[in-house]
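**Student:** My structure is stored as protein_0.pdb, with PDB, C-alpha atoms.
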ATOM      1  CA  MET A 287    -207.428-147.274  24.067  1.00  0.00           C
ATOM      2  CA  PHE A 288    -210.342-144.841  23.517  1.00  0.00           C
ATOM      3  CA  LYS A 289    -208.085-141.793  23.919  1.00  0.00           C
ATOM      4  CA  THR A 290    -205.566-143.250  21.462  1.00  0.00           C
ATOM      5  CA  LYS A 291    -208.287-143.805  18.846  1.00  0.00           C
ATOM      6  CA  VAL A 292    -209.663-140.245  19.279  1.00  0.00           C
ATOM      7  CA  THR A 293    -206.138-138.788  19.120  1.00  0.00           C
ATOM      8  CA  GLU A 294    -205.441-140.625  15.859  1.00  0.00           C
ATOM      9  CA  LEU A 295    -208.729-139.451  14.325  1.00  0.00           C
ATOM     10  CA  LEU A 296    -208.011-135.860  15.362  1.00  0.00           C
ATOM     11  CA  GLU A 297    -204.462-135.955  13.987  1.00  0.00           C
ATOM     12  CA  THR A 298    -205.717-137.378  10.675  1.00  0.00           C
ATOM     13  CA  ALA A 299    -208.333-134.622  10.363  1.00  0.00           C
ATOM     14  CA  LEU A 300    -205.732-131.925  11.103  1.00  0.00           C
ATOM     15  CA  ILE A 301    -203.381-133.379   8.487  1.00  0.00           C
ATOM     16  CA  GLU A 302    -206.217-133.246   5.954  1.00  0.00           C
ATOM     17  CA  ARG A 303    -206.957-129.636   6.898  1.00  0.00           C
ATOM     18  CA  SER A 304    -203.454-128.186   7.316  1.00  0.00           C
ATOM     19  CA  ASP A 305    -204.897-124.660   7.679  1.00  0.00           C
ATOM     20  CA  LEU A 306    -206.279-125.697  11.092  1.00  0.00           C
ATOM     21  CA  PHE A 307    -204.189-126.387  14.180  1.00  0.00           C
ATOM     22  CA  LEU A 308    -204.812-127.740  17.651  1.00  0.00           C
ATOM     23  CA  ILE A 309    -204.906-125.421  20.650  1.00  0.00           C
ATOM     24  CA  ASP A 310    -206.184-127.850  23.301  1.00  0.00           C
ATOM     25  CA  PHE A 311    -207.482-131.400  23.499  1.00  0.00           C
ATOM     26  CA  SER A 312    -208.750-133.363  26.469  1.00  0.00           C
ATOM     27  CA  ILE A 313    -210.853-136.369  27.375  1.00  0.00           C
ATOM     28  CA  ASN A 314    -212.156-136.581  30.935  1.00  0.00           C
ATOM     29  CA  SER A 315    -213.066-139.706  32.929  1.00  0.00           C
ATOM     30  CA  GLU A 316    -216.650-139.589  31.613  1.00  0.00           C
ATOM     31  CA  ASN A 317    -215.415-139.649  27.984  1.00  0.00           C
ATOM     32  CA  HIS A 318    -216.237-136.005  27.349  1.00  0.00           C
ATOM     33  CA  ILE A 319    -214.018-135.043  24.418  1.00  0.00           C
ATOM     34  CA  LYS A 320    -213.115-131.350  24.199  1.00  0.00           C
ATOM     35  CA  VAL A 321    -211.210-130.026  21.190  1.00  0.00           C
ATOM     36  CA  ILE A 322    -210.180-126.384  20.731  1.00  0.00           C
ATOM     37  CA  ILE A 323    -208.841-125.430  17.311  1.00  0.00           C
ATOM     38  CA  ASP A 324    -207.617-122.324  15.537  1.00  0.00           C
ATOM     39  CA  GLY A 325    -206.889-121.647  11.898  1.00  0.00           C
ATOM     40  CA  ASP A 326    -204.517-119.587   9.810  1.00  0.00           C
ATOM     41  CA  GLN A 327    -207.546-117.746   8.384  1.00  0.00           C
ATOM     42  CA  GLY A 328    -209.680-118.031  11.521  1.00  0.00           C
ATOM     43  CA  VAL A 329    -212.215-120.757  12.290  1.00  0.00           C
ATOM     44  CA  LEU A 330    -215.686-121.079  10.807  1.00  0.00           C
ATOM     45  CA  VAL A 331    -218.545-123.210  12.093  1.00  0.00           C
ATOM     46  CA  GLU A 332    -217.909-125.491   9.105  1.00  0.00           C
ATOM     47  CA  ASP A 333    -214.339-126.067  10.336  1.00  0.00           C
ATOM     48  CA  CYS A 334    -215.614-127.179  13.750  1.00  0.00           C
ATOM     49  CA  MET A 335    -218.165-129.423  12.018  1.00  0.00           C
ATOM     50  CA  PHE A 336    -215.405-130.985   9.898  1.00  0.00           C
ATOM     51  CA  ILE A 337    -213.330-131.889  12.969  1.00  0.00           C
ATOM     52  CA  SER A 338    -216.416-133.071  14.863  1.00  0.00           C
ATOM     53  CA  ARG A 339    -217.522-135.361  12.035  1.00  0.00           C
ATOM     54  CA  ALA A 340    -214.000-136.695  11.510  1.00  0.00           C
ATOM     55  CA  ILE A 341    -214.050-137.915  15.103  1.00  0.00           C
ATOM     56  CA  GLU A 342    -217.693-138.764  15.738  1.00  0.00           C
ATOM     57  CA  HIS A 343    -218.385-140.649  12.487  1.00  0.00           C
ATOM     58  CA  ASN A 344    -215.447-142.976  13.158  1.00  0.00           C
ATOM     59  CA  LEU A 345    -216.376-143.964  16.701  1.00  0.00           C
ATOM     60  CA  ASP A 346    -218.955-146.552  17.673  1.00  0.00           C
ATOM     61  CA  ARG A 347    -221.389-145.360  20.352  1.00  0.00           C
ATOM     62  CA  GLU A 348    -222.257-149.014  21.040  1.00  0.00           C
ATOM     63  CA  GLU A 349    -218.648-149.553  22.080  1.00  0.00           C
ATOM     64  CA  GLU A 350    -218.019-146.308  23.993  1.00  0.00           C
ATOM     65  CA  ASP A 351    -220.430-143.712  25.292  1.00  0.00           C
ATOM     66  CA  PHE A 352    -218.981-140.227  24.739  1.00  0.00           C
ATOM     67  CA  SER A 353    -219.793-136.569  24.246  1.00  0.00           C
ATOM     68  CA  LEU A 354    -217.899-134.320  21.873  1.00  0.00           C
ATOM     69  CA  GLU A 355    -217.327-130.584  21.928  1.00  0.00           C
ATOM     70  CA  VAL A 356    -215.332-128.856  19.174  1.00  0.00           C
ATOM     71  CA  MET A 357    -214.793-125.097  19.343  1.00  0.00           C
ATOM     72  CA  SER A 358    -212.514-122.317  18.208  1.00  0.00           C
ATOM     73  CA  ALA A 359    -210.146-120.465  20.490  1.00  0.00           C
ATOM     74  CA  GLY A 360    -211.945-117.371  21.766  1.00  0.00           C
ATOM     75  CA  ALA A 361    -211.164-113.951  20.362  1.00  0.00           C
ATOM     76  CA  GLY A 362    -209.506-112.847  23.596  1.00  0.00           C
ATOM     77  CA  ALA A 363    -207.923-116.200  24.421  1.00  0.00           C
ATOM     78  CA  VAL A 364    -204.273-116.390  25.436  1.00  0.00           C
ATOM     79  CA  PHE A 365    -201.987-117.544  22.611  1.00  0.00           C
ATOM     80  CA  SER A 366    -200.553-121.029  22.961  1.00  0.00           C
ATOM     81  CA  HIS A 367    -199.214-121.635  19.455  1.00  0.00           C
ATOM     82  CA  LYS A 368    -196.725-119.659  17.311  1.00  0.00           C
ATOM     83  CA  ARG A 369    -199.100-119.833  14.329  1.00  0.00           C
ATOM     84  CA  GLN A 370    -201.528-117.639  16.279  1.00  0.00           C
ATOM     85  CA  TYR A 371    -199.028-114.773  16.116  1.00  0.00           C
ATOM     86  CA  LYS A 372    -198.651-115.020  12.334  1.00  0.00           C
ATOM     87  CA  LYS A 373    -202.396-114.944  11.759  1.00  0.00           C
ATOM     88  CA  ASN A 374    -202.737-111.838  13.959  1.00  0.00           C
ATOM     89  CA  LEU A 375    -200.164-109.615  12.236  1.00  0.00           C
ATOM     90  CA  LYS A 376    -201.105-105.915  12.391  1.00  0.00           C
ATOM     91  CA  ARG A 377    -203.515-106.475  15.284  1.00  0.00           C
ATOM     92  CA  THR A 378    -203.013-104.960  18.722  1.00  0.00           C
ATOM     93  CA  LEU A 379    -201.611-107.430  21.246  1.00  0.00           C
ATOM     94  CA  GLN A 380    -201.101-107.306  24.968  1.00  0.00           C
ATOM     95  CA  VAL A 381    -197.874-109.140  25.787  1.00  0.00           C
ATOM     96  CA  ARG A 382    -196.655-109.922  29.285  1.00  0.00           C
ATOM     97  CA  THR A 383    -193.083-110.965  29.961  1.00  0.00           C
ATOM     98  CA  SER A 384    -191.525-111.682  33.341  1.00  0.00           C
ATOM     99  CA  THR A 385    -190.363-108.056  33.553  1.00  0.00           C
ATOM    100  CA  GLU A 386    -192.948-105.919  31.738  1.00  0.00           C
ATOM    101  CA  GLU A 387    -196.336-105.674  30.072  1.00  0.00           C
ATOM    102  CA  LEU A 388    -196.563-104.146  26.592  1.00  0.00           C
ATOM    103  CA  GLU A 389    -199.416-103.293  24.265  1.00  0.00           C
ATOM    104  CA  GLY A 390    -198.813-102.586  20.616  1.00  0.00           C
ATOM    105  CA  ALA A 391    -199.373-103.561  17.006  1.00  0.00           C
ATOM    106  CA  LEU A 392    -197.813-106.864  16.033  1.00  0.00           C
ATOM    107  CA  THR A 393    -195.614-105.882  13.086  1.00  0.00           C
ATOM    108  CA  GLY A 394    -193.313-108.888  12.753  1.00  0.00           C
ATOM    109  CA  VAL A 395    -193.064-112.584  13.550  1.00  0.00           C
ATOM    110  CA  THR A 396    -190.033-114.816  13.060  1.00  0.00           C
ATOM    111  CA  ASP A 397    -189.264-118.310  14.355  1.00  0.00           C
ATOM    112  CA  GLU A 398    -187.518-116.772  17.387  1.00  0.00           C
ATOM    113  CA  ASN A 399    -189.396-113.569  18.270  1.00  0.00           C
ATOM    114  CA  ILE A 400    -192.154-111.046  17.658  1.00  0.00           C
ATOM    115  CA  THR A 401    -191.994-107.286  17.060  1.00  0.00           C
ATOM    116  CA  LEU A 402    -194.463-104.863  18.641  1.00  0.00           C
ATOM    117  CA  GLU A 403    -194.834-101.174  17.735  1.00  0.00           C
ATOM    118  CA  TRP A 404    -196.750 -98.449  19.559  1.00  0.00           C
ATOM    119  CA  LYS A 405    -196.808 -94.677  19.962  1.00  0.00           C
ATOM    120  CA  VAL A 406    -196.382 -92.711  23.195  1.00  0.00           C
ATOM    121  CA  ARG A 407    -196.453 -89.040  24.119  1.00  0.00           C
ATOM    122  CA  GLU A 408    -193.189 -87.904  25.700  1.00  0.00           C
ATOM    123  CA  PRO A 409    -191.930 -84.495  26.844  1.00  0.00           C
ATOM    124  CA  LYS A 410    -190.057 -82.572  24.149  1.00  0.00           C
ATOM    125  CA  PRO A 411    -186.278 -82.698  24.536  1.00  0.00           C
ATOM    126  CA  VAL A 412    -186.239 -78.881  24.514  1.00  0.00           C
ATOM    127  CA  GLY A 413    -189.082 -76.594  25.509  1.00  0.00           C
ATOM    128  CA  LYS A 414    -192.584 -77.208  26.737  1.00  0.00           C
ATOM    129  CA  GLY A 415    -195.134 -79.688  25.432  1.00  0.00           C
ATOM    130  CA  LYS A 416    -195.064 -83.245  24.281  1.00  0.00           C
ATOM    131  CA  VAL A 417    -194.205 -85.052  21.085  1.00  0.00           C
ATOM    132  CA  THR A 418    -195.470 -88.401  19.771  1.00  0.00           C
ATOM    133  CA  VAL A 419    -192.705 -90.996  19.615  1.00  0.00           C
ATOM    134  CA  LYS A 420    -192.871 -94.380  17.889  1.00  0.00           C
ATOM    135  CA  LYS A 421    -191.547 -97.244  20.048  1.00  0.00           C
ATOM    136  CA  GLU A 422    -190.618-100.780  19.076  1.00  0.00           C
ATOM    137  CA  ALA A 423    -189.829-103.921  21.043  1.00  0.00           C
ATOM    138  CA  VAL A 424    -188.478-107.235  19.798  1.00  0.00           C
ATOM    139  CA  ILE A 425    -189.581-109.949  22.220  1.00  0.00           C
ATOM    140  CA  PRO A 426    -188.175-113.503  22.067  1.00  0.00           C
ATOM    141  CA  PHE A 427    -190.823-116.225  22.316  1.00  0.00           C
ATOM    142  CA  GLN A 428    -189.100-117.725  25.372  1.00  0.00           C
ATOM    143  CA  ASP A 429    -189.614-114.432  27.256  1.00  0.00           C
ATOM    144  CA  ILE A 430    -193.381-114.294  26.593  1.00  0.00           C
ATOM    145  CA  VAL A 431    -195.432-115.327  29.608  1.00  0.00           C
ATOM    146  CA  GLU A 432    -198.788-114.435  28.068  1.00  0.00           C
ATOM    147  CA  ALA A 433    -200.014-112.812  24.854  1.00  0.00           C
ATOM    148  CA  LYS A 434    -203.493-112.087  23.557  1.00  0.00           C
ATOM    149  CA  VAL A 435    -205.317-109.889  21.070  1.00  0.00           C
ATOM    150  CA  MET A 436    -206.775-106.686  22.483  1.00  0.00           C
ATOM    151  CA  ILE A 437    -210.330-106.368  21.229  1.00  0.00           C
ATOM    152  CA  LYS A 438    -211.318-102.784  20.554  1.00  0.00           C
ATOM    153  CA  PHE A 439    -214.828-101.530  19.879  1.00  0.00           C
TER
END
Let's see the structure in the file written out as structure tokens.
**Tutor:**
Amino acid sequence: MFKTKVTELLETALIERSDLFLIDFSINSENHIKVIIDGDQGVLVEDCMFISRAIEHNLDREEEDFSLEVMSAGAGAVFSHKRQYKKNLKRTLQVRTSTEELEGALTGVTDENITLEWKVREPKPVGKGKVTVKKEAVIPFQDIVEAKVMIKF
């Protein structure tokens, strides 16, 4: 019953703020509520506060004792939602499929796949030396095992 009530409150808050979306949600046996969100434009502290208040202000601590933790998905967290790809266009991703691991700029996202582009140095077809070649890979979502943003300093 408690989990159902919290789930409904969370869903209502996410409908109100359609720019935010759920990455993970759990309630353990000690009623510790953990919510991880992301947003189309990123997540601010105010966004976490909005979700937290939407849940906490509608629960009665006299009825149920609980703790609540609302946070954003980390910068280097593995993607779990297609909307995360769209918000990270033009950023460098590391994508692992069952057959290969690629790193490149995310240049396209459709409902079925993503497109990565990167440059490599390859031997010239004729003569000595190397030439920079632009590569591209179209990767269907069903083939992606893991994808995350590569943070560069």
**Student:** My list of candidates is A:Gln428, A:Thr401, A:Thr418, A:Thr290. Which is closest to A:Thr383 when distances are computed with only C-alpha atoms?
**Tutor:**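 Closest to A:Thr383, using only C-alpha atoms: A:Gln428.
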**Student:** Could you tell me how far atom CA of A:Asn399 sits from atom CA of A:Arg382, in Å to one decimal place?
**Tutor:**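 The value is 13.7 Å.
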**Student:** At a cut-off of 8 Å around the point (-193.3, -113.3, 30.8) (file coordinates), what residues fall inside when counting only C-alpha atoms? I'd like the answer as an mmCIF file with C-alpha atoms, in the coordinates of the input.
**Tutor:**
data_model
loop_
_atom_site.group_PDB
_atom_site.id
_atom_site.type_symbol
_atom_site.label_atom_id
_atom_site.label_comp_id
_atom_site.auth_asym_id
_atom_site.auth_seq_id
_atom_site.Cartn_x
_atom_site.Cartn_y
_atom_site.Cartn_z
ATOM 1 C CA VAL A 381 -197.874 -109.140 25.787
ATOM 2 C CA ARG A 382 -196.655 -109.922 29.285
ATOM 3 C CA THR A 383 -193.083 -110.965 29.961
ATOM 4 C CA SER A 384 -191.525 -111.682 33.341
ATOM 5 C CA THR A 385 -190.363 -108.056 33.553
ATOM 6 C CA GLU A 386 -192.948 -105.919 31.738
ATOM 7 C CA ASP A 429 -189.614 -114.432 27.256
ATOM 8 C CA ILE A 430 -193.381 -114.294 26.593
ATOM 9 C CA VAL A 431 -195.432 -115.327 29.608
ATOM 10 C CA GLU A 432 -198.788 -114.435 28.068
#
**Student:** Quick one: residues within 10 Å of A:Gln327, only C-alpha atoms counted, chain neighbours fewer than 3 positions away excluded, as an MDAnalysis selection string?
**Tutor:** chainID A and resid 305:306 324 330 370 373:374
**Student:** Find the residues of stretch 335-379 of chain A that sit at most 12 Å from stretch 392-397 of chain A; for each, write down the nearest two atoms and how far apart they are in Å, to one decimal. Count all atoms listed in the file. Sort by chain, then by number going up, and give it as a tab-separated table.
**Tutor:**
residue	atom	partner	partner_atom	distance
A:His367	CA	A:Asp397	CA	11.7
A:Lys368	CA	A:Asp397	CA	8.1
A:Arg369	CA	A:Val395	CA	9.5
A:Gln370	CA	A:Val395	CA	10.2
A:Tyr371	CA	A:Val395	CA	6.9
A:Lys372	CA	A:Val395	CA	6.2
A:Lys373	CA	A:Val395	CA	9.8
A:Asn374	CA	A:Leu392	CA	7.3
A:Leu375	CA	A:Leu392	CA	5.2
A:Lys376	CA	A:Leu392	CA	5.0
A:Arg377	CA	A:Leu392	CA	5.8
A:Thr378	CA	A:Leu392	CA	6.2
A:Leu379	CA	A:Leu392	CA	6.5
**Student:** Given all atoms listed in the file, how would the per-residue table for stretch 316-335 of chain A near stretch 339-353 of chain A read, listing every residue at most 10 Å away with its closest atom pair and distance in Å to one decimal, sorted by chain and number, as a tab-separated table?
**Tutor:**
residue	atom	partner	partner_atom	distance
A:Glu316	CA	A:Phe352	CA	7.3
A:Asn317	CA	A:Phe352	CA	4.9
A:His318	CA	A:Ser353	CA	4.8
A:Ile319	CA	A:Ser353	CA	6.0
A:Lys320	CA	A:Ser353	CA	8.5
A:Asp333	CA	A:Arg339	CA	10.0
A:Cys334	CA	A:Arg339	CA	8.6
A:Met335	CA	A:Arg339	CA	6.0
**Student:** Go ahead and compute the interatomic distance for atom CA of A:Leu402 and atom CA of A:Ile323, in Å to one decimal.
**Tutor:**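 According to the coordinates, atom CA of A:Leu402 and atom CA of A:Ile323 are separated by 25.1 Å.
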**Student:** Compile the contact shell of A:Ala433 as a list in words: residues with an atom at most 6 Å away, counting all atoms listed in the file, same-chain residues fewer than 5 positions apart removed.
**Tutor:** Val364, Phe365, Gln380 and Val381 of chain A
**Student:** Find the residue from A:Glu389, A:Val356, A:Glu302, A:Ser366 that sits nearest to A:Val321; use all atoms listed in the file when measuring.
**Tutor:**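 Using all atoms listed in the file, the shortest distance to A:Val321 belongs to A:Val356.
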**Student:** What does the PyMOL selection byres ((chain A and resi 295-297) around 8) select in this file, as a PyMOL selection string?
**Tutor:** chain A and resi 291-294+298-301+337+340-341+344
**Student:** Export C-alpha atoms of the chosen residues as a PDB file, in the frame of the given file?
**Tutor:**
ATOM      1  CA  LYS A 291    -208.287-143.805  18.846  1.00  0.00           C
ATOM      2  CA  VAL A 292    -209.663-140.245  19.279  1.00  0.00           C
ATOM      3  CA  THR A 293    -206.138-138.788  19.120  1.00  0.00           C
ATOM      4  CA  GLU A 294    -205.441-140.625  15.859  1.00  0.00           C
ATOM      5  CA  THR A 298    -205.717-137.378  10.675  1.00  0.00           C
ATOM      6  CA  ALA A 299    -208.333-134.622  10.363  1.00  0.00           C
ATOM      7  CA  LEU A 300    -205.732-131.925  11.103  1.00  0.00           C
ATOM      8  CA  ILE A 301    -203.381-133.379   8.487  1.00  0.00           C
ATOM      9  CA  ILE A 337    -213.330-131.889  12.969  1.00  0.00           C
ATOM     10  CA  ALA A 340    -214.000-136.695  11.510  1.00  0.00           C
ATOM     11  CA  ILE A 341    -214.050-137.915  15.103  1.00  0.00           C
ATOM     12  CA  ASN A 344    -215.447-142.976  13.158  1.00  0.00           C
TER      13      ASN A 344
END
**Student:** Just give me the gap between atom CA of A:Glu387 and atom CA of A:Gly325 in Å, one decimal is fine.
**Tutor:** 26.4 Å
**Student:** Please determine an axis-aligned box that encloses all atoms of stretch 368-375 of chain A listed in the file, with 4 Å added on each side, and express its centre and edge lengths in Å to one decimal as lines of an AutoDock Vina configuration file.
**Tutor:**
center_x = -199.7
center_y = -114.7
center_z = 14.5
size_x = 14.0
size_y = 18.2
size_z = 13.6
**Student:** Which residues match the PyMOL selection byres ((chain A and resi 404) around 6) in the file above, as an NGL selection string?
**Tutor:** :A and (390 or 403 or 405 or 420-421)
**Student:** Using C-alpha atoms, can you export the residues from the last selection as a PDB file, keeping the file's coordinate frame?
**Tutor:**
ATOM      1  CA  GLY A 390    -198.813-102.586  20.616  1.00  0.00           C
ATOM      2  CA  GLU A 403    -194.834-101.174  17.735  1.00  0.00           C
ATOM      3  CA  LYS A 405    -196.808 -94.677  19.962  1.00  0.00           C
ATOM      4  CA  LYS A 420    -192.871 -94.380  17.889  1.00  0.00           C
ATOM      5  CA  LYS A 421    -191.547 -97.244  20.048  1.00  0.00           C
TER       6      LYS A 421
END
**Student:** Between A:Lys289, A:Lys438, A:Arg407, A:Lys416, single out the one closest to A:Ser312, counting all atoms listed in the file.
**Tutor:**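 Looking at the shortest contact to A:Ser312, the residue is A:Lys289.
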